[in-house]
$ cat query_1.cif   # mmCIF, C-alpha atoms
data_upload
#
loop_
_atom_site.label_atom_id
_atom_site.label_comp_id
_atom_site.auth_asym_id
_atom_site.auth_seq_id
_atom_site.Cartn_x
_atom_site.Cartn_y
_atom_site.Cartn_z
CA MET A 1 30.76 121.59 -0.47
CA THR A 2 31.85 123.49 2.65
CA PHE A 3 35.21 124.81 3.80
CA ASP A 4 36.14 121.81 5.97
CA ARG A 5 35.61 119.43 3.05
CA ILE A 6 37.93 121.22 0.60
CA LEU A 7 41.19 119.51 1.48
CA PRO A 8 39.84 115.97 2.10
CA VAL A 9 37.97 115.97 -1.23
CA LEU A 10 40.93 117.42 -3.09
CA ALA A 11 43.34 114.93 -1.51
CA ASP A 12 41.16 111.97 -2.53
CA PHE A 13 40.87 113.28 -6.08
CA LEU A 14 44.58 113.99 -6.56
CA GLN A 15 45.48 110.53 -5.32
CA ALA A 16 42.91 108.92 -7.61
CA GLU A 17 44.34 110.85 -10.59
CA TRP A 18 47.98 110.35 -9.62
CA HIS A 19 48.99 109.28 -13.13
CA ASP A 20 48.03 112.72 -14.49
CA VAL A 21 49.17 114.62 -11.39
CA GLU A 22 52.66 113.19 -10.91
CA PRO A 23 54.35 114.89 -13.91
CA TYR A 24 53.51 118.33 -12.45
CA LEU A 25 54.88 117.80 -8.94
CA PRO A 26 55.57 119.61 -6.73
CA LEU A 27 52.28 121.45 -6.65
CA LEU A 28 50.80 123.84 -4.13
CA VAL A 29 47.14 124.23 -3.31
CA ASN A 30 46.61 127.98 -2.91
CA ARG A 31 43.65 128.65 -0.59
CA ASP A 32 42.91 132.38 -0.75
CA LEU A 33 41.37 134.77 1.79
CA ASN A 34 37.87 133.84 0.64
CA GLY A 35 38.56 130.10 0.86
CA ARG A 36 38.76 129.61 -2.91
CA VAL A 37 41.30 127.12 -4.24
CA ARG A 38 43.68 127.39 -7.17
CA ILE A 39 46.78 125.28 -7.78
CA VAL A 40 50.31 126.63 -8.21
CA LEU A 41 52.74 124.84 -10.54
CA ASP A 42 56.30 125.52 -11.59
CA GLU A 43 56.39 128.07 -14.40
CA LYS A 44 57.94 125.51 -16.76
CA HIS A 45 54.48 123.90 -17.03
CA GLU A 46 52.73 127.07 -18.21
CA GLN A 47 52.98 125.98 -21.83
CA ASP A 48 51.08 122.77 -21.01
CA GLN A 49 47.77 124.44 -20.16
CA GLY A 50 46.67 125.28 -23.72
CA GLY A 51 44.01 123.25 -25.51
CA GLU A 52 40.72 121.73 -24.45
CA ASP A 53 41.83 118.15 -23.86
CA THR A 54 45.15 118.49 -22.09
CA PRO A 55 45.77 116.81 -18.71
CA LEU A 56 45.79 120.21 -16.98
CA GLN A 57 42.47 121.20 -18.51
CA ARG A 58 40.86 117.88 -17.55
CA LEU A 59 42.14 118.18 -14.00
CA ALA A 60 40.91 121.78 -13.71
CA VAL A 61 37.41 120.88 -14.90
CA ALA A 62 37.16 117.87 -12.60
CA ILE A 63 38.37 119.80 -9.55
CA HIS A 64 35.99 122.67 -10.35
CA GLN A 65 33.08 120.22 -10.39
CA ARG A 66 34.04 118.80 -7.00
CA LEU A 67 34.95 121.98 -5.12
CA THR A 68 32.43 124.58 -6.36
CA PRO A 69 31.84 127.19 -4.92
CA HIS A 70 35.26 126.99 -3.24
CA THR A 71 37.25 127.33 -6.44
CA THR A 72 37.45 129.47 -9.55
CA THR A 73 36.65 128.69 -13.19
CA PRO A 74 38.79 126.08 -14.98
CA GLU A 75 40.22 128.79 -17.26
CA ARG A 76 41.68 130.63 -14.24
CA PHE A 77 42.49 127.60 -12.10
CA TRP A 78 46.25 127.26 -12.65
CA LEU A 79 48.88 129.64 -11.30
CA PHE A 80 52.55 129.48 -12.24
CA GLU A 81 55.49 130.39 -10.04
CA GLY A 82 59.19 130.75 -10.74
CA ASP A 83 60.29 129.76 -7.22
CA CYS A 84 58.02 127.07 -5.80
CA ASP A 85 60.67 126.12 -3.23
CA ALA A 86 60.30 129.51 -1.53
CA LEU A 87 56.55 128.99 -1.23
CA ILE A 88 57.06 125.50 0.16
CA GLN A 89 59.31 126.92 2.90
CA SER A 90 56.76 129.58 3.89
CA SER A 91 55.27 129.44 7.39
CA GLN A 92 51.82 129.49 5.76
CA THR A 93 52.52 126.22 3.94
CA PHE A 94 51.91 122.69 5.18
CA PRO A 95 51.85 119.25 3.50
CA LEU A 96 48.53 117.90 2.26
CA GLN A 97 47.43 114.74 4.06
CA ASP A 98 45.15 111.91 2.99
CA SER A 99 42.15 110.68 4.96
CA ALA A 100 44.40 108.47 7.12
CA GLY A 101 46.63 111.39 8.06
CA ASN A 102 49.50 110.33 5.80
CA ILE A 103 51.43 113.04 3.96
CA ILE A 104 50.94 113.02 0.19
CA PRO A 105 54.39 113.45 -1.40
CA ASP A 106 55.20 116.82 -2.99
CA ILE A 107 51.73 118.33 -2.55
CA PHE A 108 51.42 121.30 -0.23
CA VAL A 109 48.77 123.77 0.92
CA VAL A 110 49.45 127.51 1.03
CA ASP A 111 46.89 128.98 3.41
CA ARG A 112 46.37 132.70 2.81
CA LEU A 113 45.07 134.39 5.96
CA VAL A 114 44.21 137.96 6.87
CA SER A 115 46.36 137.72 9.99
CA GLU A 116 50.13 137.39 9.63
CA VAL A 117 50.39 135.88 13.11
CA THR A 118 48.76 132.51 12.65
CA TRP A 119 49.93 130.03 15.37
CA SER A 120 51.88 128.21 12.64
CA SER A 121 55.39 129.68 12.72
CA ILE A 122 57.18 128.74 15.94
CA ARG A 123 60.12 130.86 17.07
CA PRO A 124 62.52 128.63 19.03
CA GLU A 125 63.86 129.47 22.46
CA SER A 126 67.12 131.38 22.39
CA THR A 127 70.18 129.17 22.86
CA ASP A 128 72.69 132.00 23.32
CA GLY A 129 72.23 132.39 27.06
CA GLY A 130 69.48 135.00 26.73
CA ILE A 131 67.07 135.97 29.48
CA PRO A 132 64.47 133.20 29.98
CA ARG A 133 60.90 134.05 29.02
CA PHE A 134 57.78 132.38 30.39
CA VAL A 135 54.31 132.72 28.89
CA PHE A 136 51.19 132.21 31.00
CA TYR A 137 48.39 131.23 28.61
CA ALA A 138 44.87 129.84 28.83
CA VAL A 139 42.54 128.83 26.06
CA LYS A 140 39.66 129.99 28.29
CA GLY A 141 39.71 133.02 30.58
CA GLY A 142 38.80 133.21 34.26
CA VAL A 143 41.22 130.52 35.43
CA GLY A 144 43.50 132.62 37.64
CA ARG A 145 46.24 133.07 35.05
CA SER A 146 47.03 136.71 35.84
CA THR A 147 46.97 136.07 39.58
CA ALA A 148 49.47 133.26 39.04
CA VAL A 149 51.78 135.65 37.17
CA ALA A 150 51.63 138.11 40.06
CA ALA A 151 52.17 135.44 42.72
CA CYS A 152 55.12 133.89 40.89
CA ALA A 153 56.67 137.31 40.35
CA ALA A 154 56.31 138.04 44.07
CA ALA A 155 57.92 134.74 45.09
CA LEU A 156 60.82 135.24 42.69
CA ALA A 157 61.39 138.81 43.87
CA GLN A 158 61.32 137.72 47.51
CA ALA A 159 64.06 135.22 46.60
CA GLY A 160 66.19 138.01 45.16
CA GLN A 161 65.35 137.81 41.46
CA GLN A 162 64.92 140.78 39.15
CA VAL A 163 61.57 140.10 37.45
CA LEU A 164 60.18 141.81 34.36
CA VAL A 165 56.40 141.39 33.95
CA LEU A 166 54.66 142.21 30.67
CA ASP A 167 50.89 142.71 30.51
CA LEU A 168 50.19 141.50 26.98
CA ASP A 169 46.49 140.91 27.52
CA LEU A 170 46.02 144.16 25.61
CA GLU A 171 42.33 143.63 24.84
CA SER A 172 41.53 143.07 28.51
CA PRO A 173 44.31 144.65 30.60
CA GLY A 174 44.24 144.16 34.33
CA LEU A 175 47.43 142.62 35.66
CA SER A 176 49.35 145.88 35.49
CA SER A 177 46.67 147.86 37.34
CA SER A 178 46.54 145.23 40.08
CA LEU A 179 50.33 145.19 40.49
CA LEU A 180 50.77 148.96 40.28
CA PRO A 181 48.76 151.50 42.31
CA PRO A 182 47.56 154.56 40.37
CA ASP A 183 50.41 156.77 41.57
CA ARG A 184 52.98 154.25 40.33
CA GLN A 185 51.61 153.79 36.81
CA PRO A 186 54.07 154.83 34.08
CA ALA A 187 53.02 157.40 31.51
CA PHE A 188 52.90 154.89 28.65
CA GLY A 189 52.32 151.22 27.95
CA ILE A 190 52.93 148.54 25.34
CA ALA A 191 50.09 149.75 23.10
CA ASP A 192 51.60 153.25 23.03
CA TRP A 193 54.98 151.93 21.92
CA LEU A 194 53.50 149.72 19.19
CA VAL A 195 51.66 152.71 17.72
CA GLU A 196 54.56 155.17 18.02
CA ASP A 197 56.97 152.66 16.49
CA LEU A 198 54.97 152.75 13.25
CA VAL A 199 56.18 156.33 12.72
CA ASN A 200 59.68 155.72 14.14
CA ASN A 201 58.73 157.48 17.37
CA GLY A 202 59.16 154.63 19.84
CA ASP A 203 61.98 156.42 21.66
CA ALA A 204 59.51 159.14 22.69
CA VAL A 205 57.80 156.70 25.07
CA SER A 206 60.54 154.16 25.85
CA ASP A 207 61.86 155.92 28.95
CA ASP A 208 58.48 155.83 30.73
CA LEU A 209 57.14 152.39 29.81
CA SER A 210 57.63 150.58 33.11
CA ALA A 211 57.45 151.01 36.86
CA LEU A 212 58.50 149.12 39.97
CA CYS A 213 55.83 147.29 41.92
CA PRO A 214 55.73 148.52 45.56
CA LEU A 215 55.87 144.89 46.60
CA SER A 216 59.52 145.02 45.65
CA SER A 217 60.43 147.27 48.58
CA ALA A 218 59.93 144.33 50.95
CA SER A 219 61.90 141.93 48.76
CA ARG A 220 65.53 141.24 48.00
CA GLY A 221 64.70 141.47 44.32
CA GLU A 222 62.26 143.61 42.37
CA ILE A 223 59.30 143.41 40.04
CA ARG A 224 59.28 145.78 37.09
CA VAL A 225 55.89 145.96 35.36
CA VAL A 226 55.30 147.00 31.75
CA PRO A 227 51.55 147.75 31.49
CA ALA A 228 49.23 147.50 28.52
CA HIS A 229 48.58 151.26 28.69
CA GLY A 230 49.82 154.24 30.66
CA ARG A 231 48.24 156.03 33.61
CA GLU A 232 46.02 157.92 31.15
CA PRO A 233 44.84 155.38 28.54
CA GLY A 234 43.93 158.13 26.08
CA GLU A 235 42.41 156.88 22.83
CA TYR A 236 43.12 153.29 23.80
CA LEU A 237 40.64 151.63 21.44
CA SER A 238 41.97 153.65 18.52
CA LYS A 239 45.49 152.54 19.41
CA LEU A 240 44.38 148.90 19.68
CA GLY A 241 43.11 149.11 16.12
CA ARG A 242 46.63 149.96 14.93
CA ILE A 243 49.01 147.84 16.99
CA ARG A 244 48.90 144.91 14.56
CA MET A 245 50.09 146.97 11.61
CA PRO A 246 53.33 145.86 9.92
CA LYS A 247 56.17 148.31 9.55
CA PHE A 248 58.42 148.96 6.59
CA VAL A 249 62.02 149.47 7.70
CA GLU A 250 65.15 150.83 6.08
CA GLY A 251 66.34 148.85 3.10
CA GLY A 252 62.82 147.88 2.06
CA GLY A 253 62.35 145.25 4.76
CA ARG A 254 59.00 144.57 6.37
CA GLN A 255 58.33 143.64 10.00
CA ILE A 256 55.06 142.07 11.03
CA TRP A 257 53.73 143.33 14.34
CA SER A 258 54.92 140.34 16.39
CA GLU A 259 58.46 141.05 15.16
CA ARG A 260 58.03 144.64 16.34
CA LEU A 261 56.86 143.30 19.70
CA GLU A 262 59.96 141.10 19.90
CA ARG A 263 62.10 144.17 19.25
CA LEU A 264 60.38 146.01 22.11
CA ILE A 265 60.96 143.14 24.54
CA ARG A 266 64.63 142.92 23.58
CA ASP A 267 64.98 146.64 24.24
CA LEU A 268 63.33 146.27 27.65
CA GLU A 269 65.63 143.37 28.50
CA GLN A 270 68.69 145.42 27.55
CA ARG A 271 67.49 148.44 29.56
CA HIS A 272 66.59 146.61 32.76
CA ASN A 273 68.63 143.38 32.61
CA PRO A 274 66.11 141.18 34.44
CA ASP A 275 66.81 137.62 35.52
CA ILE A 276 63.50 136.44 34.11
CA VAL A 277 60.58 137.70 31.99
CA LEU A 278 56.99 136.71 32.81
CA ILE A 279 54.41 137.34 30.07
CA ASP A 280 50.69 137.45 30.80
CA SER A 281 49.14 136.38 27.49
CA ARG A 282 45.74 137.09 26.06
CA ALA A 283 43.40 134.12 26.58
CA GLY A 284 41.74 132.34 23.66
CA ILE A 285 42.83 131.51 20.13
CA ASP A 286 43.40 134.93 18.64
CA GLU A 287 46.23 136.91 17.08
CA MET A 288 47.54 138.46 20.30
CA ALA A 289 47.67 135.11 22.07
CA SER A 290 49.44 133.59 19.07
CA ALA A 291 52.15 136.25 19.20
CA CYS A 292 52.78 135.48 22.88
CA VAL A 293 52.76 131.70 22.57
CA THR A 294 54.53 131.10 19.25
CA ASP A 295 56.50 134.21 18.31
CA LEU A 296 58.47 135.28 21.40
CA GLY A 297 60.78 132.29 21.90
CA ALA A 298 59.49 131.35 25.35
CA GLY A 299 61.37 128.63 27.19
CA ARG A 300 58.19 127.54 28.92
CA ILE A 301 54.54 128.00 27.97
CA TYR A 302 52.15 127.29 30.81
CA LEU A 303 48.78 126.06 29.53
CA PHE A 304 46.23 126.80 32.24
CA ALA A 305 43.35 124.37 32.30
CA LEU A 306 40.14 123.70 34.12
CA ASP A 307 39.07 120.10 33.67
CA SER A 308 36.12 120.85 31.40
CA ARG A 309 34.94 119.99 27.90
CA GLN A 310 35.36 123.61 26.85
CA THR A 311 39.00 123.61 27.92
CA TRP A 312 39.98 120.39 26.16
CA SER A 313 38.02 121.28 23.05
CA GLY A 314 40.00 124.52 22.79
CA TYR A 315 43.38 122.89 23.30
CA ARG A 316 42.44 120.15 20.85
CA LEU A 317 41.89 122.76 18.13
CA LEU A 318 45.28 124.30 18.86
CA PHE A 319 47.21 121.02 19.05
CA LYS A 320 45.71 119.72 15.81
CA HIS A 321 46.59 122.97 14.06
CA TRP A 322 50.22 122.61 15.16
CA GLN A 323 50.18 119.01 14.06
CA GLN A 324 48.80 119.90 10.61
CA TYR A 325 51.29 122.70 10.01
CA GLY A 326 54.26 120.76 11.39
CA GLY A 327 54.86 123.17 14.27
CA VAL A 328 54.11 120.73 17.06
CA ARG A 329 57.64 119.28 17.06
CA GLN A 330 59.10 122.75 17.53
CA ILE A 331 56.94 123.81 20.46
CA ARG A 332 55.96 120.70 22.39
CA ALA A 333 59.02 120.55 24.68
CA SER A 334 58.11 124.03 25.97
CA LEU A 335 54.52 123.16 26.91
CA LYS A 336 53.31 122.37 30.42
CA ILE A 337 49.75 121.96 31.66
CA VAL A 338 48.81 123.89 34.79
CA GLY A 339 45.75 122.68 36.65
CA ALA A 340 43.82 125.74 37.80
CA MET A 341 41.55 126.03 40.83
CA VAL A 342 42.06 122.42 41.92
CA PRO A 343 39.62 121.54 44.75
CA THR A 344 41.02 121.61 48.28
CA TRP A 345 37.99 120.28 50.16
CA GLY A 346 38.86 116.71 51.14
CA ASP A 347 41.93 114.71 50.18
CA SER A 348 39.94 112.30 48.04
CA ALA A 349 38.26 115.08 46.03
CA ARG A 350 41.62 116.72 45.31
CA LYS A 351 43.23 113.43 44.34
CA GLU A 352 40.37 112.49 42.03
CA ALA A 353 40.41 115.93 40.40
CA ILE A 354 44.15 115.71 39.69
CA ILE A 355 43.84 112.19 38.27
CA ALA A 356 40.99 113.23 35.95
CA LEU A 357 42.84 116.35 34.81
CA ARG A 358 45.99 114.37 34.08
CA GLU A 359 44.12 111.68 32.14
CA HIS A 360 42.23 114.19 29.99
CA ALA A 361 45.41 116.15 29.28
CA TYR A 362 47.24 112.92 28.42
CA ASN A 363 44.57 111.95 25.90
CA GLU A 364 44.88 115.29 24.10
CA PHE A 365 48.69 115.18 24.02
CA LEU A 366 48.67 111.55 22.91
CA GLU A 367 46.36 112.38 20.01
CA SER A 368 48.24 115.33 18.51
CA VAL A 369 51.45 116.20 20.39
CA TYR A 370 53.31 113.05 21.38
CA ASP A 371 55.04 110.64 19.02
CA GLU A 372 53.50 107.23 18.64
CA ALA A 373 55.03 104.84 21.14
CA PRO A 374 56.60 101.60 19.81
CA ALA A 375 54.59 98.42 19.71
CA PRO A 376 55.51 95.95 22.49
CA SER A 377 57.18 93.67 19.94
CA GLU A 378 59.50 96.38 18.64
CA GLU A 379 63.08 96.56 19.89
CA PRO A 380 64.18 100.00 21.15
CA ASP A 381 66.98 100.10 18.59
CA SER A 382 64.90 98.97 15.63
CA ALA A 383 65.00 100.95 12.41
CA SER A 384 61.32 101.85 12.75
CA TYR A 385 61.67 103.44 16.17
CA ASP A 386 64.30 105.78 17.56
CA SER A 387 63.82 105.62 21.32
CA LEU A 388 66.27 108.45 21.92
CA ASN A 389 64.50 110.91 19.66
CA SER A 390 60.92 109.90 20.34
CA PHE A 391 58.82 112.44 22.21
CA SER A 392 56.43 110.19 24.13
CA PHE A 393 55.57 109.77 27.79
CA ASP A 394 53.69 107.49 30.14
CA LEU A 395 50.51 108.70 31.79
CA LYS A 396 52.15 109.12 35.21
CA ASP A 397 55.49 110.51 34.02
CA GLU A 398 56.03 113.52 36.30
CA ASP A 399 58.22 115.31 33.75
CA ALA A 400 55.71 114.98 30.92
CA PRO A 401 54.07 118.13 29.49
CA HIS A 402 50.61 116.70 30.17
CA ASN A 403 51.28 115.99 33.86
CA PRO A 404 49.96 119.14 35.53
CA TYR A 405 51.40 121.52 38.02
CA CYS A 406 48.41 122.08 40.25
CA ILE A 407 47.20 125.36 41.73
CA SER A 408 44.79 124.78 44.57
CA TRP A 409 41.75 126.97 44.92
CA ASN A 410 42.44 129.38 47.79
CA GLN A 411 40.24 132.09 49.24
CA ASP A 412 43.24 134.37 49.78
CA PHE A 413 43.75 134.61 46.01
CA ALA A 414 40.11 134.94 44.96
CA ALA A 415 39.00 138.27 43.45
CA ILE A 416 42.14 140.17 44.43
CA GLN A 417 41.87 143.80 43.36
CA SER A 418 45.34 144.90 44.48
CA HIS A 419 47.97 142.18 44.34
CA TYR A 420 50.68 144.50 45.63
CA ASN A 421 49.01 144.80 49.05
CA ARG A 422 47.78 141.23 49.48
CA LEU A 423 50.93 139.54 48.17
CA ASN A 424 53.14 141.79 50.27
CA ASP A 425 51.27 140.69 53.41
CA MET A 426 51.43 137.05 52.36
CA GLY A 427 55.13 137.17 51.61
CA SER A 428 55.93 138.44 55.11
CA SER A 429 53.83 135.80 56.91
CA THR A 430 55.39 132.74 58.52
CA ALA A 431 53.31 130.25 56.55
CA ASN A 432 53.65 131.76 53.10
CA PRO A 433 50.46 130.87 51.17
CA ILE A 434 52.14 131.84 47.88
CA ASN A 435 54.41 128.81 48.10
CA LEU A 436 51.60 126.61 49.38
CA VAL A 437 49.40 127.40 46.39
CA TYR A 438 51.92 128.08 43.61
CA GLY A 439 54.87 126.05 44.85
CA GLU A 440 55.05 123.64 41.89
CA LEU A 441 54.97 126.49 39.40
CA ILE A 442 57.59 128.49 41.30
CA ALA A 443 59.87 125.46 41.54
CA ASP A 444 59.68 125.00 37.78
CA LEU A 445 60.56 128.64 37.19
CA ASN A 446 63.57 128.25 39.44
CA THR A 447 64.83 125.22 37.50
CA PHE A 448 65.15 127.43 34.43
CA LEU A 449 66.95 130.12 36.39
CA LEU A 450 69.43 127.56 37.71
CA ARG A 451 70.18 126.00 34.33
CA PRO A 452 73.86 126.28 33.36
CA GLU A 453 74.51 128.67 30.50
CA PRO A 454 75.23 126.94 27.16
#
$ encode --input "query_1.cif" --output "structure tokens"
Amino acid sequence: MTFDRILPVLADFLQAEWHDVEPYLPLLVNRDLNGRVRIVLDEKHEQDQGGEDTPLQRLAVAIHQRLTPHTTTPERFWLFEGDCDALIQSSQTFPLQDSAGNIIPDIFVVDRLVSEVTWSSIRPESTDGGIPRFVFYAVKGGVGRSTAVAACAAALAQAGQQVLVLDLDLESPGLSSSLLPPDRQPAFGIADWLVEDLVNNGDAVSDDLSALCPLSSASRGEIRVVPAHGREPGEYLSKLGRIRMPKFVEGGGRQIWSERLERLIRDLEQRHNPDIVLIDSRAGIDEMASACVTDLGAGRIYLFALDSRQTWSGYRLLFKHWQQYGGVRQIRASLKIVGAMVPTWGDSARKEAIIALREHAYNEFLESVYDEAPAPSEEPDSASYDSLNSFSFDLKDEDAPHNPYCISWNQDFAAIQSHYNRLNDMGSSTANPINLVYGELIADLNTFLLRPEP
């Protein structure tokens, strides 16, 4: 028995023993930090566990035999809870599925994890006319994500927009140092604020957390950069080890670190009143990336992709996780694939690369993100299919999340050490390469800026 077999084996067993299981529904499978399973029942059933030949005892023994070592002894197997409904509503809870992917009624899994930011709880985009936020994310690094943030910020500023850029790749900062020369770096950065906030000292650094990119002087708008760290990083690694700490607030409340990060961003928005916020996320499937993608209410999440097995394997893990936890319906309308470093040598090579990228993205979205399309025989208004509410797309649908915005490989944007110089020169040229390379992405950003307020 290994970790990945726990839930399939348990699902098969509970269905096979449904006659004994049904009287105790709803039940929650509690999977602890070590991967050991116990089952939570309503406290009214606590009196039923006594004796050696009760249904609960028989179930505990049988499950112990099947799941060892990923469970505890039968005597300690059952847990009892006064408010099972609250557990069911937790972001760490998802419905147990059978081998065919069907939800088993009234049986849930509570997944206890070390991290409180888990990719599972999706914060929706603000509907109150707030400042639009855009997250630039990649499951694999080295795809030009940070350069795209800088280029889009430059294009928006040249068009007169006030742009706020956050360097949230805290474990590997770089965007802020490439957008800000050393003499423009602010004294503090995001990591400083997250540490000071733990001791209610965030105000001590708030006034010197951002700086204007010199690129802005040649633009009608401006780019304000909030770096990962200040001009003197100080004990940066020690600070990194503390930024994910929760904070206890007045009244006994508790804020996890992504909620503290949200509070910081709201404060920055109120201070500087930007038209748009661009967030450079950490790459990969870790806690920092999760906070950026799922916890900040982004209106658009750009998923940068090279057409490779490694890329699609990574996104497949993420999509299936959202599907399992039920979060995919909350986030999928915000997703958009961005094809990175698309070949430019020869029209046929570029066309073939885009077609392959689109097809591979479509397959992943079709598997875990999109709703199942109706069978040809089904009427659009049939009871089994709601065509208005279905989230499904054709392969070539230009508005579909899987259909990529493509960024062509361009020598001018390769290995840029100082974006503020290179982008400034590009923006003043007659044939602006920023729009040539990033035009599709910039156009999408502008559609959000032009949306009417609700």
$ atom_distance --input "query_1.cif" --atom1 "atom CA of Ala153 of chain A" --atom2 "atom CA of Asn273 of chain A"
15.5 Å
$ resolve_selection --input "query_1.cif" --expression "the PyMOL selection byres ((chain A and resi 56) around 12)" --output "VMD selection string"
chain A and resid 17 20 to 24 39 to 41 45 to 55 57 to 63 74 to 79
$ atom_distance --input "query_1.cif" --atom1 "atom CA of Phe365 of chain A" --atom2 "atom CA of Trp119 of chain A"
17.2 Å
$ resolve_selection --input "query_1.cif" --expression "the PyMOL selection byres ((chain A and resi 112) around 12)" --output "list in words"
Val29, Asn30, Arg31, Asp32, Leu33, Asn34, Gly35, Arg36, Val37, Arg38, Leu87, Ser90, Ser91, Gln92, Thr93, Phe94, Val109, Val110, Asp111, Leu113, Val114, Ser115, Glu116, Val117 and Thr118 of chain A
$ resolve_selection --input "query_1.cif" --expression "the PyMOL selection byres ((chain A and resi 288-302) around 7)" --output "PyMOL selection string"
chain A and resi 117-119+121-126+132-137+258+262+281-287+303-304+334-338
$ closest_residue --input "query_1.cif" --among "A:Asp347, A:Leu198, A:Thr68, A:Arg231" --to "Arg254 of chain A" --atoms "all atoms listed in the file"
A:Leu198
$ build_atoms --input "query_1.cif" --residues "segment 68-81 of chain A" --atoms "N, CA and C atoms" --output "short mmCIF file (atom, residue, chain, number, x, y, z; two decimals), in the frame of the given file"
data_model
loop_
_atom_site.label_atom_id
_atom_site.label_comp_id
_atom_site.auth_asym_id
_atom_site.auth_seq_id
_atom_site.Cartn_x
_atom_site.Cartn_y
_atom_site.Cartn_z
N THR A 68 33.30 123.41 -6.26
CA THR A 68 32.43 124.58 -6.36
C THR A 68 31.53 124.67 -5.12
N PRO A 69 31.40 125.85 -4.51
CA PRO A 69 31.84 127.19 -4.92
C PRO A 69 33.23 127.59 -4.42
N HIS A 70 33.97 126.65 -3.83
CA HIS A 70 35.26 126.99 -3.24
C HIS A 70 36.41 126.85 -4.23
N THR A 71 36.19 127.27 -5.45
CA THR A 71 37.25 127.33 -6.44
C THR A 71 36.85 128.34 -7.51
N THR A 72 37.73 128.54 -8.47
CA THR A 72 37.45 129.47 -9.55
C THR A 72 37.16 128.69 -10.83
N THR A 73 36.96 129.37 -11.93
CA THR A 73 36.65 128.69 -13.19
C THR A 73 37.87 127.92 -13.69
N PRO A 74 37.66 126.86 -14.47
CA PRO A 74 38.79 126.08 -14.98
C PRO A 74 39.79 126.92 -15.76
N GLU A 75 39.32 127.95 -16.46
CA GLU A 75 40.22 128.79 -17.26
C GLU A 75 41.20 129.58 -16.39
N ARG A 76 40.84 129.82 -15.14
CA ARG A 76 41.68 130.63 -14.24
C ARG A 76 42.25 129.79 -13.09
N PHE A 77 42.19 128.48 -13.22
CA PHE A 77 42.49 127.60 -12.10
C PHE A 77 43.99 127.49 -11.80
N TRP A 78 44.82 127.50 -12.84
CA TRP A 78 46.25 127.26 -12.65
C TRP A 78 47.02 128.56 -12.46
N LEU A 79 47.94 128.54 -11.51
CA LEU A 79 48.88 129.64 -11.30
C LEU A 79 50.29 129.09 -11.51
N PHE A 80 51.20 129.95 -11.95
CA PHE A 80 52.55 129.48 -12.24
C PHE A 80 53.55 130.37 -11.51
N GLU A 81 54.55 129.72 -10.93
CA GLU A 81 55.49 130.39 -10.04
C GLU A 81 56.92 130.01 -10.40
#
